[in-house]
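Asks: Here it is, the structure in full.
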Amino acid sequence: MEDKPKNPARRTLFKAIGAATAAGVTGNILPGCVGKKGDTGKNLAFAEIPHSLDAQHHLPTGYHADILLRWGDPLFAGNTPFAPEKLTVTEQEKRFGYNNDFIAYMPLDADAGPGEGERHSKSNNSARGLLCVNHEYTQPHLMFSGYKDEVSAVRGVPAEHVAVEQAACGHTIVEVERTGNGWRPVLDSPYNRRITLHTAMAITGPAAGDRRLQTTTDPDGKRVFGTVGNCAGGKTPWGTVLIAEEGFGGAFQGNPDTIADPVEVANHRAFGIHPDNRNWGDYDRRFDIGVEPNEPNRFGWMVEYDPYDPASQPRKLTSLGRFEHEGFTLVSKPDRPIVAYGGDDDENQFVYRYVSRRQYQPDDYAHNRDLLSDGTLYAGRFNDDGSGRWLPLVFGRGPLTEANGFRNQADVLIDARRAARLVGATPMDRPEDIETNPVNDCTYVMLTRNTKRSGTNNANPRPRNPTGHVLEIVPPGRHGERNHAAGTFAWNIFLLGGNPNAEDPEERGAYGEQLPGIVSADGWFTCPDNVAFDARGGMWVATDGCEKFGFHNGLWAMPTDGDQRAIPKHFFGCPEGAELCGPEFTPDGKTLFVSVQHPADRSGSTFDNPLHRWPDNDPALPPRPSVLAIYRRDGKIVGS
């Protein structure tokens with residue numbers, strides 16, 4: 001039976017969970033997406049870990065975590081031991097970058113070599129593959145000696161530190177293998193590669209070549225060096241990786257009011273460009289908007305590259321719009337358009353969907369490579385009755401006209417935020433990771449938090465939302481036949497983050513059937529950020545914001561069906577100061593990779609006097625962002 005929006009008269013009031021009595025909150029909560037019969041809760045049998053806050057990471061009994069990759073670890077043999085005080089640009093370009101985030105595990109076909117992406121993409125090898133890891137941003141006060149606090153590392157950073165920072169941003173591709181002694185990187189693999197702010201990239205799609213992307217060094221507007229602010233991402237079934245450009249505005253300095261074009265003044269302000277930003281522009285002039293006012297328009301896109309071809313050139317996909325991308329994840333069904341979902345990670349921004357013009361053909365690699373360059377971008381409207389509509393962002397349609405300041409489709413995509421607001425999309429509570437469950441074929445939106453909301457709607461029901469929530473999108477159709485390309489959808493609130501026993505109704509969580517005591521004292525969490533699904537449809541949510549409520553960020557797993565639906569269990573805890581990012585399973589489900597980002601990030605914590613020195617706990621080394629490979633000691637599936 002088709003899942004339909006609930007009748008407004010039957011909306012579930014949150015009286016049962018106590019979240020609305022004082023705040024007047026209403027919305028749709030359960031039931032929601034109906035998939036195949038089953039109960040993923042019976043598979044999540046690990047022993048839950050407690051809330052805590054200390055200098056170590058925490059796992060359930062019977063599990064082990066290999067510290068697989070740390071900032072500064074070499075990708076090639078012959079590198080000297082990591083010595084941050086001696087780190088040079090040349091060295092950093094050959095080493096793992098800083099603040100690891102999104103992870104894609106891309107299997108390697110034992111019989112295929114570099115450049116044979118089509119063959120590799122059909123592999124399910126869970127013992128040898130490529131880890132493709134984003135490096136979101138740098139923190140000089142934790143990377144280098146001499147800074148007294150975070151503020152002192154914003155202005156006046158010397159040129160040699162700026163150069164190392166830029167080399168530590170971007171993305172890493174490294175071959176990894178599972179051995180009898182755990183996981184390890186394969187040094188000198190022909191696949192190993194760093195993508196940095198100096199990697200040449202093509203600009204493709206409707207905005208390529210537009211005057212707003214042209215600079216003095218690239219008058220054609222079709223070639224840019226590098227990527228920055230790389231948060232989450234996605235994978236394609238044809239073997240390429242998508243990486244997002246999120247907080248790119250902080251890399252630029254200058255006063256937008258000095259620019260003659262009022263469109264660019266508003267544009268640069270919207271992305272946080274101002275004179276007090278970090279001083280990269282003093283040493284790399286393209287990051288000074290007074291020198292290159294169009295350079296910021298060449299960032300804020302999704303980037304696609306082929307990890308199986310080290311010689312391939314990444315390309316920025318302007319068809320997917322420009323905003324603070326958390327990532328884009330794909331739904332691919334044979335002989336149907338590719339559908340990609342993404343979020344703009346800022347308060348009161350929007351959920352987006354892209355639909356390719358042509359259909360996905362599983363055995364036509366060349367055909368599929370163009371699917372993300374030719375299609376339509378949409379923004380989501382979440383109606384209060386539990387229905388929704390995808391609103392096309394197309395020049396000449398509705399308000400997206402010259403009368404409202406749009407010259408062409410390039411303008412619509414460069415200013416996607418303004419376009420989405422004009423067509424009537426719903427402002428959301430920081431939409432971060434958005435992924436589709438492979439079992440029930442419904443899509444889940446992580447809404448991290450929002451303390452800047454000026455009005456509520458049923459999809460964002462809290463006037464002030466410091467603990468975040470998860471939204472469930474149900475495309476029309478039955479399980480296995482859901483039409484993600486349709487113009488409408490249904491939605492439900494899957495859960496509300498927060499302590500279910502909190503006195504403040506705006507911080508009170510709601511889980512499962514909302515019965516008292518249904519969530520354990522350690523099962524509740526706040527601020528959902530990234531999400532992954534296991535092969536059984538279990539949801540694994542990574543968090544960024546739990547420390548404000550007295551315990552570590554980490555990973556919580558929960559079923560999406562059965563009597564344990566939306567009831568979390570606590571699986572992993574970060575060391576203090578860190579957030580968890582990029583959960584990614586191997587195809588066999590026996591290894592879970594996670595990124596521990598910015599450990600020891602606390603007020604007053606510096607390179608010279610850090611809060612702690614995880615993961616090495618070596619007095620000669622600072623805290624280091626790291627990727628962990630988690631597995632059961634008995635070799636069985638993670639979570640079972």
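The way I read the labels, and the way they are meant: chains A, B, ... in the order of the structure tokens, residue 1 as the first residue of every chain, and ligand 1 as the first ligand shown, with later ones counted on from there.
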Segment 499-503 of chain A: which residues within 8 Å, counting only C-alpha atoms, same-chain residues fewer than 2 positions away excluded, as a list in words?
Replies: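 Within the cut-off, the hits are Ile17, Gly497, Pro505, Glu507, Arg508, Gly509, Ala510, Tyr511, Val519, Trp524, Phe525 and Thr526 of chain A.
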Asks: Store the residues of this selection in a file with C-alpha atoms, as a CSV table (one decimal), in the first residue's frame.
Replies:
chain,number,residue,atom,x,y,z
A,17,ILE,CA,6.3,13.2,25.1
A,497,GLY,CA,17.0,14.7,20.0
A,505,PRO,CA,10.3,21.3,26.7
A,507,GLU,CA,15.3,20.2,25.0
A,508,ARG,CA,13.1,17.2,25.7
A,509,GLY,CA,13.7,14.2,23.4
A,510,ALA,CA,11.1,11.9,21.8
A,511,TYR,CA,12.0,8.4,20.7
A,519,VAL,CA,15.1,4.9,26.0
A,524,TRP,CA,19.5,9.5,24.2
A,525,PHE,CA,21.6,11.9,22.2
A,526,THR,CA,21.6,15.5,20.8
Asks: DSSP on the backbone, then: every residue of segment 22-176 of chain A marked strand (DSSP E or B), written as a ChimeraX atom specification.
Replies: /A:26,58,63-70,74,95,100-107,128-135,170-176
Asks: Give the alpha helix (DSSP H) residues of segment 156-258 of chain A, as DSSP finds them on the backbone, and put them as number ranges by chain.
Replies: A: 159-168
Asks: Please produce an output containing N, CA and C atoms for each residue in the selection, written as a PDB file, in the first residue's frame.
Replies:
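The result, written out as selection-v2.pdb:
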ATOM      1  N   ALA A 159      53.371  32.979   6.858  1.00  0.00           N
ATOM      2  CA  ALA A 159      53.169  32.396   5.530  1.00  0.00           C
ATOM      3  C   ALA A 159      53.427  30.899   5.523  1.00  0.00           C
ATOM      4  N   GLU A 160      54.445  30.443   6.256  1.00  0.00           N
ATOM      5  CA  GLU A 160      54.762  29.012   6.231  1.00  0.00           C
ATOM      6  C   GLU A 160      53.656  28.188   6.877  1.00  0.00           C
ATOM      7  N   HIS A 161      52.984  28.738   7.875  1.00  0.00           N
ATOM      8  CA  HIS A 161      51.867  28.024   8.494  1.00  0.00           C
ATOM      9  C   HIS A 161      50.653  28.013   7.570  1.00  0.00           C
ATOM     10  N   VAL A 162      50.381  29.135   6.893  1.00  0.00           N
ATOM     11  CA  VAL A 162      49.278  29.177   5.942  1.00  0.00           C
ATOM     12  C   VAL A 162      49.483  28.133   4.856  1.00  0.00           C
ATOM     13  N   ALA A 163      50.700  28.015   4.358  1.00  0.00           N
ATOM     14  CA  ALA A 163      50.991  27.054   3.294  1.00  0.00           C
ATOM     15  C   ALA A 163      50.749  25.624   3.752  1.00  0.00           C
ATOM     16  N   VAL A 164      51.162  25.305   4.974  1.00  0.00           N
ATOM     17  CA  VAL A 164      50.928  23.954   5.505  1.00  0.00           C
ATOM     18  C   VAL A 164      49.433  23.731   5.722  1.00  0.00           C
ATOM     19  N   GLU A 165      48.736  24.744   6.232  1.00  0.00           N
ATOM     20  CA  GLU A 165      47.281  24.620   6.401  1.00  0.00           C
ATOM     21  C   GLU A 165      46.606  24.271   5.080  1.00  0.00           C
ATOM     22  N   GLN A 166      46.943  25.005   4.031  1.00  0.00           N
ATOM     23  CA  GLN A 166      46.318  24.755   2.742  1.00  0.00           C
ATOM     24  C   GLN A 166      46.629  23.355   2.232  1.00  0.00           C
ATOM     25  N   ALA A 167      47.827  22.863   2.517  1.00  0.00           N
ATOM     26  CA  ALA A 167      48.195  21.513   2.098  1.00  0.00           C
ATOM     27  C   ALA A 167      47.500  20.448   2.937  1.00  0.00           C
ATOM     28  N   ALA A 168      47.063  20.831   4.153  1.00  0.00           N
ATOM     29  CA  ALA A 168      46.387  19.871   5.034  1.00  0.00           C
ATOM     30  C   ALA A 168      44.889  19.833   4.817  1.00  0.00           C
TER      31      ALA A 168
END
Asks: Could you list, as number ranges by chain, every residue within 8 Å of Gly582 of chain A, counting only C-alpha atoms and ignoring same-chain residues fewer than 5 positions away?
Replies: A: 101-104, 232, 530-531, 542, 593-595
Asks: What is the atom CA of Asn348 of chain A to atom CA of Ala425 of chain A distance in Å?
Replies: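 According to the coordinates, atom CA of Asn348 of chain A and atom CA of Ala425 of chain A are separated by 10.3 Å.
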Asks: Tell me, as a PyMOL selection string, which residues lie within 8 Å of segment 411-415 of chain A, counting only C-alpha atoms; anything in the same chain fewer than 4 positions away does not count.
Replies: chain A and resi 207+267+297+318-323+393-395+400+406-407+419
Asks: Report the closest atom pair, with its distance in Å rounded to one decimal, for each residue of segment 515-545 of chain A that has an atom no farther than 10 Å from segment 434-454 of chain A; count only C-alpha atoms, sort by chain and then rising residue number, and write it as CSV.
Replies:
residue,atom,partner,partner_atom,distance
A:Thr526,CA,A:Thr448,CA,8.0
A:Cys527,CA,A:Thr448,CA,4.4
A:Pro528,CA,A:Thr448,CA,5.0
A:Asp529,CA,A:Thr448,CA,5.6
A:Asn530,CA,A:Met446,CA,6.9
A:Val531,CA,A:Glu435,CA,7.0
A:Ala532,CA,A:Glu435,CA,7.3
A:Phe533,CA,A:Asn437,CA,6.1
A:Asp534,CA,A:Pro438,CA,8.3
A:Ala535,CA,A:Pro438,CA,7.2
A:Arg536,CA,A:Val439,CA,6.6
A:Gly537,CA,A:Val439,CA,5.0
A:Gly538,CA,A:Asn437,CA,8.3
A:Met539,CA,A:Asn437,CA,8.0
A:Val541,CA,A:Met446,CA,8.6
A:Ala542,CA,A:Met446,CA,9.6
A:Thr543,CA,A:Thr448,CA,8.2
A:Asp544,CA,A:Thr448,CA,7.7
A:Gly545,CA,A:Thr448,CA,8.4
Asks: Using only C-alpha atoms, determine which residues lie at most 9 Å from Gly32 of chain A, disregarding the query and same-chain residues fewer than 6 positions distant; provide the list as a PDB file with C-alpha atoms, in the first residue's frame.
Replies:
ATOM      1  CA  ASP A   3       2.437   5.568   2.161  1.00  0.00           C
ATOM      2  CA  GLU A 472      11.818  10.975   7.519  1.00  0.00           C
ATOM      3  CA  ILE A 473      10.906  11.559   3.850  1.00  0.00           C
ATOM      4  CA  VAL A 474       8.576   8.977   2.288  1.00  0.00           C
ATOM      5  CA  ALA A 490       5.181  12.569   2.673  1.00  0.00           C
ATOM      6  CA  TRP A 491       7.186  13.336   5.785  1.00  0.00           C
ATOM      7  CA  ASN A 492       7.307  12.386   9.457  1.00  0.00           C
ATOM      8  CA  ILE A 493       9.418  13.366  12.425  1.00  0.00           C
ATOM      9  CA  PHE A 494      11.431  10.216  13.122  1.00  0.00           C
TER      10      PHE A 494
END
